[in-house]
$ cat my_file23.txt   # compact mmCIF, C-alpha atoms
# COMPACT_ATOMS: atom_id res chain seq x y z
CA MET R 14 -206.07 -114.02 -65.05
CA GLY R 15 -203.39 -116.60 -65.79
CA PHE R 16 -199.71 -116.47 -64.83
CA ALA R 17 -198.72 -115.03 -68.22
CA GLU R 18 -201.23 -112.17 -67.92
CA GLU R 19 -200.10 -111.53 -64.33
CA LEU R 20 -196.49 -111.27 -65.51
CA VAL R 21 -197.19 -108.49 -68.01
CA ALA R 22 -199.32 -106.66 -65.41
CA ALA R 23 -196.35 -106.27 -63.02
CA PRO R 24 -193.07 -104.35 -63.41
CA ARG R 25 -190.73 -107.21 -62.48
CA GLY R 26 -192.70 -109.65 -64.61
CA ARG R 27 -192.57 -107.30 -67.60
CA TRP R 28 -188.80 -106.90 -67.23
CA LEU R 29 -188.40 -110.69 -67.08
CA CYS R 30 -190.35 -111.10 -70.31
CA PHE R 31 -188.45 -108.30 -72.05
CA SER R 32 -185.08 -109.60 -70.87
CA ALA R 33 -185.91 -113.12 -72.05
CA ALA R 34 -187.31 -111.98 -75.40
CA SER R 35 -184.36 -109.68 -76.12
CA GLY R 36 -181.77 -112.19 -74.99
CA GLY R 37 -180.74 -109.96 -72.11
CA ARG R 38 -179.75 -107.12 -74.47
CA LEU R 39 -180.87 -103.91 -72.78
CA PRO R 40 -181.57 -100.87 -74.92
CA THR R 41 -179.82 -97.54 -74.74
CA LEU R 42 -181.93 -94.55 -73.83
CA ASP R 43 -182.43 -93.56 -77.46
CA VAL R 44 -183.79 -96.98 -78.52
CA ASP R 45 -187.52 -97.65 -78.56
CA VAL R 46 -188.42 -100.63 -76.32
CA GLU R 47 -191.57 -101.22 -78.33
CA GLU R 48 -189.52 -101.43 -81.51
CA ILE R 49 -187.14 -103.98 -79.95
CA VAL R 50 -190.02 -106.25 -78.93
CA GLU R 51 -191.69 -105.98 -82.31
CA ARG R 52 -188.47 -107.02 -84.08
CA VAL R 53 -187.99 -110.26 -82.10
CA ASP R 54 -188.40 -113.32 -84.32
CA PRO R 55 -191.52 -115.30 -83.26
CA ARG R 56 -189.41 -118.44 -83.39
CA GLU R 57 -187.16 -116.97 -80.70
CA ILE R 58 -190.22 -116.35 -78.55
CA GLU R 59 -191.36 -119.95 -78.97
CA ALA R 60 -187.87 -121.13 -78.02
CA LEU R 61 -188.22 -119.51 -74.58
CA THR R 62 -190.27 -122.53 -73.54
CA ASP R 63 -187.13 -124.66 -73.95
CA LEU R 64 -184.83 -122.50 -71.81
CA ASN R 65 -183.11 -124.51 -69.10
CA GLU R 66 -183.35 -123.66 -65.43
CA LEU R 67 -180.12 -121.67 -65.21
CA GLU R 68 -181.03 -119.62 -68.28
CA LEU R 69 -184.43 -118.74 -66.86
CA LEU R 70 -182.95 -117.97 -63.44
CA ALA R 71 -180.51 -115.59 -65.13
CA ARG R 72 -183.41 -113.65 -66.64
CA LEU R 73 -185.24 -113.68 -63.28
CA ALA R 74 -182.09 -112.43 -61.55
CA ASP R 75 -181.75 -109.68 -64.16
CA SER R 76 -185.24 -108.45 -63.33
CA ALA R 77 -184.69 -108.56 -59.56
CA ASP R 78 -181.34 -106.77 -59.82
CA ARG R 79 -183.02 -103.78 -61.45
CA ALA R 80 -185.78 -103.38 -58.86
CA MET R 81 -185.74 -100.08 -56.98
CA TYR R 82 -188.11 -98.44 -54.53
CA TRP R 83 -186.30 -95.24 -53.59
CA GLN R 84 -186.54 -93.27 -56.84
CA GLU R 85 -188.34 -93.19 -60.14
CA PRO R 86 -188.28 -96.44 -62.15
CA TYR R 87 -185.71 -96.93 -64.87
CA GLU R 88 -186.54 -95.54 -68.30
CA VAL R 89 -186.94 -99.11 -69.54
CA ASP R 90 -189.37 -99.94 -66.74
CA ARG R 91 -191.41 -96.86 -67.64
CA ALA R 92 -191.40 -97.83 -71.30
CA LEU R 93 -192.48 -101.38 -70.51
CA ALA R 94 -195.44 -100.03 -68.54
CA SER R 95 -196.92 -98.51 -71.71
CA PRO R 96 -200.34 -100.01 -72.60
CA ARG R 97 -198.97 -100.63 -76.10
CA VAL R 98 -196.09 -102.80 -74.88
CA ALA R 99 -197.89 -105.29 -72.60
CA PRO R 100 -199.72 -107.06 -75.47
CA LEU R 101 -196.40 -107.37 -77.30
CA LEU R 102 -194.84 -109.07 -74.26
CA LEU R 103 -197.70 -111.54 -73.80
CA PRO R 104 -196.30 -114.19 -76.21
CA ALA R 105 -193.02 -114.21 -74.28
CA ALA R 106 -194.93 -114.39 -71.00
CA ARG R 107 -196.94 -117.38 -72.24
CA ALA R 108 -193.77 -119.15 -73.38
CA ILE R 109 -192.13 -118.61 -69.99
CA ALA R 110 -195.28 -119.72 -68.15
CA ALA R 111 -195.26 -122.93 -70.20
CA ALA R 112 -191.54 -123.62 -69.67
CA PRO R 113 -190.92 -126.83 -67.69
CA ALA R 114 -187.94 -125.13 -66.02
CA ALA R 115 -190.26 -122.52 -64.47
CA ARG R 116 -192.87 -124.89 -63.05
CA TRP R 117 -191.40 -124.81 -59.55
CA TRP R 118 -191.63 -121.00 -59.45
CA SER R 119 -195.09 -121.31 -57.90
CA SER R 120 -194.12 -124.01 -55.40
CA ALA R 121 -194.19 -123.66 -51.62
CA VAL R 122 -191.08 -123.38 -49.47
CA ASP R 123 -188.77 -126.38 -49.73
CA LEU R 124 -188.15 -127.12 -46.06
CA ASP R 125 -185.44 -129.68 -46.83
CA ALA R 126 -183.18 -127.37 -48.85
CA GLN R 127 -183.07 -123.97 -47.15
CA VAL R 128 -179.81 -121.98 -47.03
CA HIS R 129 -179.02 -118.65 -45.41
CA VAL R 130 -176.62 -116.56 -47.53
CA ARG R 131 -174.49 -113.83 -46.02
CA MET R 132 -172.33 -111.63 -48.24
CA ARG R 133 -170.31 -110.11 -45.42
CA PRO R 134 -168.23 -111.53 -42.55
CA GLY R 135 -169.83 -112.39 -39.25
CA GLY R 136 -172.11 -114.89 -37.62
CA THR R 137 -175.79 -115.49 -38.16
CA PRO R 138 -177.91 -112.36 -37.87
CA ALA R 139 -180.31 -113.88 -35.33
CA ASP R 140 -178.29 -113.78 -32.12
CA ARG R 141 -181.27 -112.59 -30.06
CA PRO R 142 -184.76 -114.01 -29.50
CA VAL R 143 -187.02 -113.26 -32.45
CA ALA R 144 -189.74 -111.86 -30.17
CA GLU R 145 -187.26 -109.27 -28.87
CA VAL R 146 -186.17 -108.34 -32.39
CA LEU R 147 -189.77 -108.04 -33.59
CA ALA R 148 -190.77 -105.83 -30.67
CA GLU R 149 -187.78 -103.59 -31.33
CA TRP R 150 -188.59 -103.51 -35.05
CA ARG R 151 -192.21 -102.49 -34.45
CA ALA R 152 -191.25 -99.82 -31.92
CA GLY R 153 -188.80 -98.43 -34.45
CA VAL R 154 -191.45 -98.27 -37.18
CA VAL R 155 -193.92 -96.51 -34.87
CA GLU R 156 -191.28 -94.02 -33.79
CA ASP R 157 -190.25 -93.43 -37.39
CA GLU R 158 -193.84 -92.62 -38.31
CA ARG R 159 -193.86 -89.85 -35.71
CA ARG R 160 -190.83 -88.06 -37.13
CA GLU R 161 -191.51 -84.70 -38.73
CA ARG R 162 -191.32 -84.76 -42.52
CA PRO R 163 -192.37 -82.40 -45.30
CA SER R 164 -196.05 -82.71 -46.14
CA ASP R 165 -195.22 -82.18 -49.81
CA VAL R 166 -194.95 -85.68 -51.27
CA THR R 167 -192.64 -84.37 -54.00
CA ALA R 168 -190.06 -83.16 -51.46
CA PRO R 169 -186.64 -84.78 -52.11
CA LEU R 170 -186.65 -86.89 -48.94
CA SER R 171 -185.82 -90.57 -48.60
CA GLY R 172 -185.76 -93.04 -45.75
CA CYS R 173 -187.00 -96.58 -45.16
CA TRP R 174 -188.25 -97.99 -48.46
CA TRP R 175 -188.64 -101.72 -47.72
CA SER R 176 -191.66 -103.70 -46.52
CA SER R 177 -189.70 -106.74 -45.40
CA PRO R 178 -188.95 -107.23 -41.69
CA ALA R 179 -185.34 -106.16 -42.23
CA GLY R 180 -182.91 -106.51 -39.36
CA ASP R 181 -181.74 -109.40 -37.21
CA PHE R 182 -183.81 -112.09 -38.90
CA ILE R 183 -182.83 -115.33 -40.55
CA THR R 184 -183.77 -115.42 -44.22
CA SER R 185 -183.17 -118.28 -46.60
CA THR R 186 -183.70 -119.52 -50.13
CA ARG R 187 -183.67 -123.02 -51.54
CA ALA R 188 -180.57 -124.66 -52.97
CA ARG R 189 -181.29 -125.47 -56.60
CA PRO R 190 -178.58 -126.62 -57.05
CA ALA R 191 -176.59 -123.80 -55.43
CA PRO R 192 -178.29 -121.50 -52.90
CA LEU R 193 -180.50 -119.17 -54.94
CA GLY R 194 -179.68 -116.31 -52.58
CA LEU R 195 -176.26 -116.18 -54.24
CA ARG R 196 -177.87 -114.94 -57.45
CA LEU R 197 -181.49 -113.87 -56.92
CA GLN R 198 -180.98 -110.54 -55.19
CA GLU R 199 -182.68 -107.21 -55.56
CA ASP R 200 -180.10 -104.60 -56.52
CA GLY R 201 -177.29 -107.10 -55.90
CA LEU R 202 -173.77 -105.93 -55.07
CA GLY R 203 -171.96 -108.37 -57.33
CA SER R 204 -170.08 -110.19 -54.59
CA GLU R 205 -167.75 -113.04 -55.59
CA TRP R 206 -168.00 -114.84 -52.26
CA ALA R 207 -170.46 -115.59 -49.46
CA TRP R 208 -171.01 -117.63 -46.33
CA CYS R 209 -173.81 -120.19 -46.58
CA ARG R 210 -175.53 -122.02 -43.71
CA GLU R 211 -178.18 -124.69 -43.88
CA VAL R 212 -181.44 -123.74 -42.16
CA ARG R 213 -183.90 -126.30 -40.82
CA SER R 214 -186.99 -125.86 -38.71
CA THR R 215 -187.06 -128.05 -35.62
CA ARG R 216 -190.80 -128.57 -36.06
CA ARG R 217 -193.38 -128.31 -38.80
CA PRO R 218 -193.58 -124.55 -39.34
CA ARG R 219 -196.67 -122.50 -40.04
CA VAL R 220 -195.79 -120.76 -43.30
CA HIS R 221 -197.67 -118.00 -45.07
CA GLU R 222 -197.07 -118.34 -48.79
CA ILE R 223 -196.96 -115.14 -50.85
CA THR R 224 -197.99 -116.53 -54.22
CA GLY R 225 -199.12 -113.26 -55.77
CA PRO R 226 -200.75 -109.89 -55.10
CA GLU R 227 -203.82 -111.37 -53.39
CA ALA R 228 -201.76 -113.30 -50.84
CA TRP R 229 -199.67 -110.22 -50.04
CA CYS R 230 -202.72 -107.98 -49.67
CA GLU R 231 -204.42 -110.60 -47.50
CA LEU R 232 -201.43 -110.53 -45.13
CA VAL R 233 -201.47 -106.73 -44.98
CA GLU R 234 -205.24 -106.57 -44.48
CA ARG R 235 -205.11 -109.07 -41.63
CA TYR R 236 -202.07 -107.50 -39.89
CA PRO R 237 -201.99 -103.84 -40.99
CA LEU R 238 -199.35 -101.38 -39.88
CA GLU R 239 -199.42 -97.83 -41.24
CA VAL R 240 -196.15 -96.49 -42.66
CA THR R 241 -197.42 -93.53 -44.66
CA TRP R 242 -194.99 -90.90 -43.40
CA SER R 243 -191.91 -93.09 -43.49
CA ARG R 244 -192.56 -94.50 -47.01
CA ARG R 245 -194.66 -92.00 -48.94
CA HIS R 246 -191.87 -89.90 -50.45
CA ASP R 247 -190.00 -92.92 -51.80
CA TRP R 248 -193.01 -94.95 -52.86
CA TRP R 249 -194.74 -91.99 -54.51
CA ARG R 250 -191.74 -91.67 -56.81
CA VAL R 251 -192.09 -95.36 -57.67
CA THR R 252 -195.88 -95.57 -58.12
CA GLY R 253 -197.40 -92.08 -58.14
CA TRP R 254 -199.66 -92.91 -55.16
CA ALA R 255 -199.74 -90.03 -52.65
CA GLY R 256 -202.21 -91.50 -50.14
CA ARG R 257 -201.88 -93.85 -47.16
CA TRP R 258 -199.47 -96.80 -47.13
CA LEU R 259 -199.60 -100.05 -45.15
CA ILE R 260 -197.23 -102.98 -44.62
CA PRO R 261 -197.66 -106.13 -42.52
CA ASP R 262 -197.16 -105.79 -38.78
CA TRP R 263 -194.53 -108.51 -38.57
CA GLU R 264 -194.79 -108.77 -34.79
CA ALA R 265 -198.48 -109.63 -35.17
CA VAL R 266 -197.77 -111.95 -38.10
CA ALA R 267 -195.34 -113.93 -35.93
CA ALA R 268 -198.13 -114.76 -33.49
CA ASP R 269 -199.77 -116.92 -36.17
CA HIS R 270 -196.91 -117.82 -38.53
CA ASP R 271 -193.38 -119.12 -38.13
CA ALA R 272 -192.26 -118.00 -41.57
CA VAL R 273 -193.31 -116.09 -44.66
CA HIS R 274 -192.20 -117.41 -48.05
CA LEU R 275 -192.27 -115.44 -51.29
CA THR R 276 -192.47 -117.69 -54.32
CA CYS R 277 -190.65 -116.69 -57.50
CA ALA R 278 -194.01 -116.30 -59.22
CA GLY R 279 -195.25 -114.21 -56.30
CA TYR R 280 -192.22 -111.96 -56.57
CA LEU R 281 -192.62 -111.38 -60.29
CA THR R 282 -196.34 -110.57 -60.07
CA THR R 283 -196.32 -108.53 -56.82
CA ALA R 284 -193.09 -106.56 -56.24
CA GLY R 285 -193.12 -102.86 -57.00
CA ARG R 286 -196.89 -102.43 -57.39
CA ALA R 287 -199.15 -100.07 -55.45
CA LEU R 288 -201.78 -102.63 -54.43
CA PRO R 289 -205.08 -101.56 -52.84
CA VAL R 290 -205.93 -102.55 -49.28
CA GLY R 291 -209.14 -100.76 -48.39
CA GLY R 292 -208.59 -97.08 -49.09
CA ALA R 293 -204.81 -97.39 -48.68
CA ARG R 294 -202.07 -99.01 -50.74
CA THR R 295 -199.31 -101.48 -49.97
CA MET R 296 -196.13 -102.48 -51.79
CA LEU R 297 -193.91 -105.53 -51.60
CA ALA R 298 -190.38 -104.08 -51.55
CA GLY R 299 -186.99 -105.29 -50.37
CA TRP R 300 -187.69 -109.00 -50.89
CA ASP R 301 -185.80 -111.49 -53.04
CA PRO R 302 -187.40 -114.23 -55.17
CA ASP R 303 -187.96 -117.50 -53.26
CA GLN R 304 -186.97 -115.80 -49.99
CA THR R 305 -188.26 -117.15 -46.69
CA CYS R 306 -188.22 -114.88 -43.67
CA TRP R 307 -188.20 -116.85 -40.41
CA LEU R 308 -190.19 -115.43 -37.48
CA THR R 309 -189.34 -118.18 -35.02
CA ASP R 310 -186.43 -119.31 -32.84
CA ASP R 311 -187.17 -122.98 -33.54
CA LEU R 312 -184.40 -123.35 -36.12
CA ASP R 313 -181.24 -125.37 -36.52
CA ILE R 314 -178.60 -123.22 -38.21
CA GLY R 315 -175.65 -125.06 -39.73
CA GLU R 316 -172.01 -124.11 -39.65
CA PRO R 317 -170.92 -121.48 -42.20
CA VAL R 318 -169.50 -122.76 -45.48
CA PHE R 319 -167.47 -120.33 -47.57
CA TRP R 320 -168.53 -120.23 -51.25
CA ARG R 321 -166.95 -118.57 -54.26
CA GLY R 322 -168.35 -117.86 -57.70
CA THR R 323 -168.75 -115.45 -60.56
CA PRO R 324 -171.40 -112.76 -60.06
CA GLY R 325 -174.19 -113.34 -62.52
CA ASP R 326 -173.45 -117.04 -63.09
CA LEU R 327 -175.00 -119.38 -60.53
CA ALA R 328 -173.40 -122.40 -62.22
CA THR R 329 -169.92 -121.24 -61.16
CA TRP R 330 -170.63 -121.13 -57.43
CA ALA R 331 -169.20 -123.86 -55.23
CA PRO R 332 -167.78 -124.33 -51.70
CA ALA R 333 -164.20 -123.11 -51.43
CA ASP R 334 -161.26 -124.86 -49.81
CA PRO R 335 -161.86 -124.88 -46.02
CA ASP R 336 -158.28 -123.65 -45.45
CA GLU R 337 -158.57 -120.76 -47.88
CA PRO R 338 -158.02 -117.36 -46.18
CA LEU R 339 -161.12 -115.21 -46.00
CA PRO R 340 -161.21 -112.15 -48.26
CA GLU R 341 -161.84 -108.54 -47.46
CA PRO R 342 -165.32 -107.34 -48.41
CA PRO R 343 -165.13 -105.91 -51.95
CA ALA R 344 -166.32 -102.44 -52.79
CA PRO R 345 -169.55 -102.36 -54.84
CA PRO R 346 -168.72 -102.04 -58.55
CA PRO R 347 -169.65 -98.76 -60.24
CA ARG R 348 -172.87 -99.22 -62.20
CA PRO R 349 -174.14 -95.90 -63.57
CA ARG R 350 -177.76 -96.31 -64.60
CA GLY R 351 -179.00 -92.80 -64.74
CA ARG R 352 -180.02 -90.65 -61.81
CA ARG R 353 -179.68 -92.77 -58.66
CA TRP R 354 -178.97 -92.34 -54.96
CA ARG R 355 -176.81 -95.45 -54.85
CA ALA R 356 -174.02 -93.93 -52.78
CA LEU R 357 -176.44 -92.55 -50.20
CA ARG R 358 -179.44 -94.81 -49.84
CA ALA R 359 -179.51 -97.69 -47.37
CA ARG R 360 -180.05 -101.39 -47.76
CA PRO R 361 -182.91 -103.01 -45.81
CA GLY R 362 -182.41 -102.71 -42.09
CA GLN R 363 -179.95 -99.82 -42.23
CA SER R 364 -180.78 -96.29 -41.16
CA ALA R 365 -181.30 -93.89 -44.05
CA ARG R 366 -182.75 -90.42 -44.00
CA TYR R 367 -181.35 -87.80 -46.30
CA TRP R 368 -182.17 -85.10 -48.76
CA LYS R 369 -181.63 -85.60 -52.43
CA GLY R 370 -178.90 -83.29 -53.67

$ encode --input "my_file23.txt" --output "structure tokens"
Amino acid sequence: MGFAEELVAAPRGRWLCFSAASGGRLPTLDVDVEEIVERVDPREIEALTDLNELELLARLADSADRAMYWQEPYEVDRALASPRVAPLLLPAARAIAAAPAARWWSSAVDLDAQVHVRMRPGGTPADRPVAEVLAEWRAGVVEDERRERPSDVTAPLSGCWWSSPAGDFITSTRARPAPLGLRLQEDGLGSEWAWCREVRSTRRPRVHEITGPEAWCELVERYPLEVTWSRRHDWWRVTGWAGRWLIPDWEAVAADHDAVHLTCAGYLTTAGRALPVGGARTMLAGWDPDQTCWLTDDLDIGEPVFWRGTPGDLATWAPADPDEPLPEPPAPPPRPRGRRWRALRARPGQSARYWKG
């Protein structure tokens, strides 16, 4: 299966293709997605190959921003999953796969251009040894699995929904040209400012590259950690799978790897899918495209640089005046998109356990 076929087989890849083919124009609930795709001029599909890097990144960011793992997929996501729609998206997928501006989407971590992006005030998140943080993270997961929960998978319960090692870890993305973490965010909050720090490994790191579903499943199979009871209610709503769930045991992963990098192609073809690992399933959730999660203390972290920009437009981001007073954190903008738990659910690393009202 080629990259184009992998794109239309995955929810985030399908959204990318639909967003690119429709020019970013999302349908209302009473508009047929299949009809929109059928009406696109073939010449517009061919032109996708000529999109520049910022234009393609905008479509990628649009797909990541609409990822969710704590409730049912959007109506558009459900419509795009129809067996009738995937063949219609394949020409757009092939055009994107052939685009010169997307060639680096499969590339390994760029060790010379890594930047940590923080959208709230404060220092770097890693102010403790990584081994201590990992041990605490694993103990928390094990304890969470022991908590009593309804056996009915349809019960309106939510909790931890991410499979990333959320918490006090350094994460980074490449700067191309601005730090991609300013724009490529799952369910982004639309911030107009951020603190950016250069990240460099002090030695040649051992990096596991997540290039697609196989690489993610290989990591889970080699370092399995069961999270059925803490994830099943959320992830069943996303995928319909009511059985066992696994994620990587990040403490065990750190014994053999200094970092885990998710390529943009790996994100698009892996995130949001119930992927088989033995008789269980796993899901990549709570990651951003091109994100590297560092599992080592052997890092040089630069001084924070304050950046400003327009949400949704990476080209506008630039370092601000060093003497500029720091802003107060903005409130998330209201974005009604149907039935959501936005005001209640947690971001990765935050405690969240509540009943749906």

$ residues_around --input "my_file23.txt" --residues "Gly153 (chain R)" --least-positions-apart "3" --cutoff "12 Å" --atoms "only C-alpha atoms" --output "CSV table (one decimal) with C-alpha atoms, in the coordinates of the input"
chain,number,residue,atom,x,y,z
R,146,VAL,CA,-186.2,-108.3,-32.4
R,147,LEU,CA,-189.8,-108.0,-33.6
R,148,ALA,CA,-190.8,-105.8,-30.7
R,149,GLU,CA,-187.8,-103.6,-31.3
R,150,TRP,CA,-188.6,-103.5,-35.0
R,156,GLU,CA,-191.3,-94.0,-33.8
R,157,ASP,CA,-190.2,-93.4,-37.4
R,158,GLU,CA,-193.8,-92.6,-38.3
R,159,ARG,CA,-193.9,-89.8,-35.7
R,160,ARG,CA,-190.8,-88.1,-37.1
R,173,CYS,CA,-187.0,-96.6,-45.2
R,178,PRO,CA,-189.0,-107.2,-41.7
R,179,ALA,CA,-185.3,-106.2,-42.2
R,180,GLY,CA,-182.9,-106.5,-39.4
R,240,VAL,CA,-196.2,-96.5,-42.7
R,243,SER,CA,-191.9,-93.1,-43.5
R,262,ASP,CA,-197.2,-105.8,-38.8
R,264,GLU,CA,-194.8,-108.8,-34.8
R,362,GLY,CA,-182.4,-102.7,-42.1
R,363,GLN,CA,-180.0,-99.8,-42.2
R,364,SER,CA,-180.8,-96.3,-41.2

$ closest_residue --input "my_file23.txt" --among "R:Ala272, R:Met81, R:Leu193, R:Leu281" --to "Asp247 (chain R)" --atoms "all atoms listed in the file"
R:Met81

$ residues_around --input "my_file23.txt" --residues "Pro237 (chain R)" --least-positions-apart "2" --cutoff "10 Å" --atoms "only C-alpha atoms" --output "list in words"
Cys230, Glu231, Leu232, Val233, Glu234, Arg235, Glu239, Val240, Trp258, Leu259, Ile260, Pro261, Asp262, Trp263, Ala265, Val266, Val290 and Thr295 of chain R

$ residues_around --input "my_file23.txt" --residues "Gly15 (chain R)" --least-positions-apart "4" --cutoff "10 Å" --atoms "all atoms listed in the file" --output "list in words"
Glu19, Leu20, Arg107 and Ala110 of chain R

$ write_last_selection --input "my_file23.txt" --atoms "C-alpha atoms" --output "short mmCIF file (atom, residue, chain, number, x, y, z; two decimals), keeping the file's coordinate frame"
data_model
loop_
_atom_site.label_atom_id
_atom_site.label_comp_id
_atom_site.auth_asym_id
_atom_site.auth_seq_id
_atom_site.Cartn_x
_atom_site.Cartn_y
_atom_site.Cartn_z
CA GLU R 19 -200.10 -111.53 -64.33
CA LEU R 20 -196.49 -111.27 -65.51
CA ARG R 107 -196.94 -117.38 -72.24
CA ALA R 110 -195.28 -119.72 -68.15
#

$ atom_distance --input "my_file23.txt" --atom1 "CA of Val154 (chain R)" --atom2 "CA of Pro226 (chain R)"
23.3 Å

$ closest_residue --input "my_file23.txt" --among "R:Pro104, R:Pro302, R:Gly256, R:Pro24" --to "Glu51 (chain R)" --atoms "all atoms listed in the file"
R:Pro104

$ residues_around --input "my_file23.txt" --residues "region 318-334 of chain R" --least-positions-apart "3" --cutoff "6 Å" --atoms "all atoms listed in the file" --output "JSON list (two decimals) with C-alpha atoms, in the frame of the given file"
[["chain", "number", "residue", "atom", "x", "y", "z"],
["R", 203, "GLY", "CA", -171.96, -108.37, -57.33],
["R", 205, "GLU", "CA", -167.75, -113.04, -55.59],
["R", 206, "TRP", "CA", -168.00, -114.84, -52.26],
["R", 207, "ALA", "CA", -170.46, -115.59, -49.46],
["R", 208, "TRP", "CA", -171.01, -117.63, -46.33],
["R", 209, "CYS", "CA", -173.81, -120.19, -46.58],
["R", 337, "GLU", "CA", -158.57, -120.76, -47.88]]

$ closest_residue --input "my_file23.txt" --among "R:Ile49, R:Val251, R:Leu64, R:Ala34" --to "Trp174 (chain R)" --atoms "all atoms listed in the file"
R:Val251

$ closest_residue --input "my_file23.txt" --among "R:Pro192, R:Val53, R:Val46, R:Met14" --to "Asp123 (chain R)" --atoms "all atoms listed in the file"
R:Pro192

$ atom_distance --input "my_file23.txt" --atom1 "CA of Leu297 (chain R)" --atom2 "CA of Ala112 (chain R)"
25.7 Å

$ atom_distance --input "my_file23.txt" --atom1 "CA of Val98 (chain R)" --atom2 "CA of Pro55 (chain R)"
15.7 Å

$ decode --input "my_file23.txt" --residues "region 98-122 of chain R" --atoms "C-alpha atoms" --output "mmCIF file, in the first residue's frame"
data_model
loop_
_atom_site.group_PDB
_atom_site.id
_atom_site.type_symbol
_atom_site.label_atom_id
_atom_site.label_comp_id
_atom_site.auth_asym_id
_atom_site.auth_seq_id
_atom_site.Cartn_x
_atom_site.Cartn_y
_atom_site.Cartn_z
ATOM 1 C CA VAL R 98 -15.946 8.234 -0.236
ATOM 2 C CA ALA R 99 -12.413 6.780 0.024
ATOM 3 C CA PRO R 100 -12.113 6.054 -3.731
ATOM 4 C CA LEU R 101 -13.258 9.606 -4.437
ATOM 5 C CA LEU R 102 -10.484 10.981 -2.201
ATOM 6 C CA LEU R 103 -7.754 8.858 -3.776
ATOM 7 C CA PRO R 104 -6.926 11.327 -6.608
ATOM 8 C CA ALA R 105 -6.387 14.087 -4.030
ATOM 9 C CA ALA R 106 -4.296 11.723 -1.908
ATOM 10 C CA ARG R 107 -2.110 10.855 -4.906
ATOM 11 C CA ALA R 108 -1.634 14.530 -5.748
ATOM 12 C CA ILE R 109 -0.591 15.317 -2.171
ATOM 13 C CA ALA R 110 1.734 12.301 -2.045
ATOM 14 C CA ALA R 111 3.411 13.557 -5.228
ATOM 15 C CA ALA R 112 3.734 17.157 -4.014
ATOM 16 C CA PRO R 113 7.383 18.242 -3.624
ATOM 17 C CA ALA R 114 6.370 20.299 -0.580
ATOM 18 C CA ALA R 115 5.273 17.123 1.238
ATOM 19 C CA ARG R 116 8.379 15.024 0.590
ATOM 20 C CA TRP R 117 9.884 15.752 3.999
ATOM 21 C CA TRP R 118 6.730 14.498 5.754
ATOM 22 C CA SER R 119 8.273 11.023 5.904
ATOM 23 C CA SER R 120 11.699 12.210 7.058
ATOM 24 C CA ALA R 121 13.331 11.356 10.374
ATOM 25 C CA VAL R 122 13.755 13.820 13.216
#
